[in-house]
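To start, the structure under review is shown below, and the notes come after it.
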Amino acid sequence: MNKRIQKFLVDNKPATPCLVIDLDVVRQNYRAMRRYLPKTEVFYAVKANPAPEVVRVLVEEGSGFDVASLPEIQLCLDLGAAPERMSFGNTIKKERDIAYAYSRGIRLFAFDSEEELKISSAAPGSMVYCRILVENEGAQWPLSRKFGCEPEMAADLLCQAREVGLVPHGVSFHVGSQQLDLSQWDVAMTRVASLFETLQERGVELQAIDLGGGLPAHYQEQIEELPAYAEAVMRSVIGHFGMRHPRLMIEPGRSMVGDSGVLQAEVVLVSRKSNDDCKRWVYLDAGRFNGLSETLGEAIAYNITTSRDGEETEPVILAGPTCDSVDVIYEKKEYRMPVGLRAGDLVYFNSCGAYAASVSSVNFNGFEAIKQYCI
């Protein structure tokens with residue numbers, strides 16, 4: 001937790017659970033992205049945290065935006081984002097939503113299936129890029145299967161796109177969120193380069209590669225820093241395409257806002273299930289349904305601190321407040337907390353700025369969505 005967030009929590013004593021976002025960190029992360037990946041165009045993945053304050057900062061910094069829905073499009077436009085700097089990156093879209101985006105000036109659309117070529121009717125003449133399937137080995141939150149298609153199919157689809165009057169602009173992929181294996185970008189780039197070659201032989205000259213997301217935030221596990229990722233990505237691009245490579249786009253979400261946020265929760269109850277139980281259950285007022293959805297499957301292991309840090313600790317099981325047995329935060333992963341922890345104490349989930357408030361239920365069990373403050 002940085003000093004700005006700590007001061008805000010001490011001075012304002014907001015009701016828990018709450019999420020505090022330091023906008024200075026978002027700004028610094030964007031500038032670092034531009035510094036270490038100067039040849040790429042940044043399209044912030046709005047889904048990671050669509051807080052207007054976050055989007056406004058990134059508009060001011062000159063970012064582009066990867067949008068997934070009409071509300072995200074409207075949000076970005078209302079805050080001054082230029083439509084030509086927006087990409088409708090969701091491959092699952094209603095035709096009327098495509099038409100609306102087109103009417104507002106958006107001309108870049110993702111697709112991965114033949115039926116999605118309805119883009120030609122709703123947004124004639126637009127640029128399209130096809131998402132391909134790639135390995136997600138090493139990702140803590142894999143994004144394979146649901147999105148993308150095999151490169152052989154992508155080649156056919158991009159040729160069909162040209163036939164129906166669209167501009168086959170490029171290819172996209174996603175190596176999986178919170179990707180810890182730097183080599184995965186090269187694994188993906190090998191497929192991309194082969195696809196570019198195949199399409200060139202078929203008379204289609206692609207212009208762009210969308211590198212997707214995957215750059216990590218700082219959680220419990222040690223990670224390489226951004227310069228190492230940037231070097232790995234660009235080494236792969238240049239290795240396959242040379243210095244005169246295609247247009248490069250990147251869609252940071254987690255890496256842009258993850259480290260900017262701290263989720264503060266209150267201990268509601270501490271209990272044991274038997275007299276000889278070696279692990280206490282610590283129940284918080286935040287859980288899977290109100291801020292900590294990414295603990296599903298214990299995929300994302302947050303760095304957690306408490307208001308009693310420094311005291312003797314023992315293993316615990318962490319759970320949320322709802323009457324749903326799924327609402328267990330961490331049981332398999334080992335977390336230790338102070339022996340003296342009790343109801344009313346505070347627990348902090350660090351680097352919680354991504355996919356927390358934006359993936360929070362509304363009124364499940366009567367609990368409100370988590371409150372978010374941007375400072």
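Chain lettering (A, B, ...) mirrors the order of the structure tokens, residue numbering begins at 1 for each chain separately, and ligand numbering begins at 1 in order of display.
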For region 66-79 of chain A, work out the shell of residues within 6 Å, counting only C-alpha atoms and skipping chain neighbours fewer than 6 positions away, then give it as a compact mmCIF listing (two decimals) with C-alpha atoms, in the first residue's frame.
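Dumped to around_8.txt:
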# COMPACT_ATOMS: atom_id res chain seq x y z
CA PHE A 43 -5.52 0.52 -26.23
CA TYR A 44 -6.50 0.33 -22.56
CA ALA A 45 -8.82 -2.62 -21.84
CA VAL A 46 -11.67 -0.66 -20.26
CA ARG A 56 -10.34 10.39 -18.01
CA MET A 86 -11.11 2.89 -30.12
CA SER A 87 -11.28 -0.79 -31.00
CA PHE A 88 -14.46 -2.84 -30.54
CA GLY A 89 -12.47 -5.82 -29.33
CA ASN A 90 -15.24 -8.15 -28.17
Produce a table with one row for each residue of region 215-267 of chain A that has an atom at most 6 Å from any atom of region 8-24 of chain A, each row naming the nearest atom pair and its distance in Å at one decimal; use only C-alpha atoms; arrange rows by chain and rising residue number; format as a Markdown table.
| residue | atom | partner | partner_atom | distance |
| --- | --- | --- | --- | --- |
| A:Ser260 | CA | A:Asp22 | CA | 5.2 |
| A:Gly261 | CA | A:Ile21 | CA | 4.3 |
| A:Val262 | CA | A:Val20 | CA | 5.4 |
| A:Leu263 | CA | A:Leu19 | CA | 4.3 |
| A:Gln264 | CA | A:Cys18 | CA | 5.4 |
| A:Ala265 | CA | A:Pro17 | CA | 4.6 |
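Counting only C-alpha atoms and comparing A:Asp277, A:Glu251, A:Glu135, A:Glu331, the residue that lies closest to Ile209 (chain A) is A:Glu251.
Proximity of A:Gly310, A:Pro252, A:Gly353, A:Gly125 to His218 (chain A), computed with only C-alpha atoms, is greatest for A:Gly353.
Take CA of Ser113 (chain A) and CA of Arg162 (chain A): the distance between them is 14.2 Å.
Ranking A:Ile5, A:Ala286, A:Val237, A:Ala299 by their shortest atom-to-atom distance to Gly138 (chain A), with only C-alpha atoms included, puts A:Ala299 first.
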Exercise. Just asking: which residues within region 68-195 of chain A are helix (DSSP H, G or I) according to DSSP, as an MDAnalysis selection string?
Worked result: chainID A and resid 70:78 83:85 95:103 115:122 151:163 184:195
Exercise. Given the choices A:Gln6, A:Thr322, A:Ser255, A:Ser271, which gets closest to Ser351 (chain A) if the distance is worked out from only C-alpha atoms?
Worked result: A:Ser255
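The protein and nucleic acid residues lying at most 12 Å from Arg202 (chain A) are Ala155, Asp156, Leu158, Cys159, Gln160, Arg162, Leu195, Phe196, Glu197, Thr198 and Leu206 of chain A, with only C-alpha atoms considered and sequence neighbours fewer than 4 positions away removed.
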Exercise. Any idea what's packed within 10 Å of Ile300 (chain A), counting only C-alpha atoms, ignoring anything in its chain fewer than 3 positions away? Could you give it as a count of residues only?
Worked result: 14
For this session: Within 12 Å of His240 (chain A), counting only C-alpha atoms, which residues show up once you throw out same-chain ones fewer than 5 positions away? Write them as a VMD selection string, please.
Result: chain A and resid 185 to 197 233 to 235 245 to 246
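Shortest atom-to-atom contact with Ala354 (chain A) among A:Leu157, A:Leu117, A:Val54, A:Ala122: A:Val54, counting only C-alpha atoms.
Here the strand (DSSP E) residues in region 16-98 of chain A, by DSSP on the backbone, are Cys18, Leu19, Val20, Ile21, Thr40, Glu41, Val42, Phe43, Tyr44, Ala45, Gly64, Phe65, Asp66, Val67, Met86, Ser87 and Phe88 of chain A.
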Problem set entry | Close residues, Ile329 (chain A) itself excluded, 12 Å, only C-alpha atoms, min 4 positions apart in chain, as a VMD selection string | chain A and resid 281 to 302 304 316 to 322 324 to 325 333 to 335 349
Exercise. In Å, with one decimal, what is the gap from CA of Ile375 (chain A) to CA of Gly64 (chain A)?
Worked result: 22.3 Å
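Picture a line from CA of Tyr36 (chain A) to CA of Leu211 (chain A); it runs 14.7 Å.
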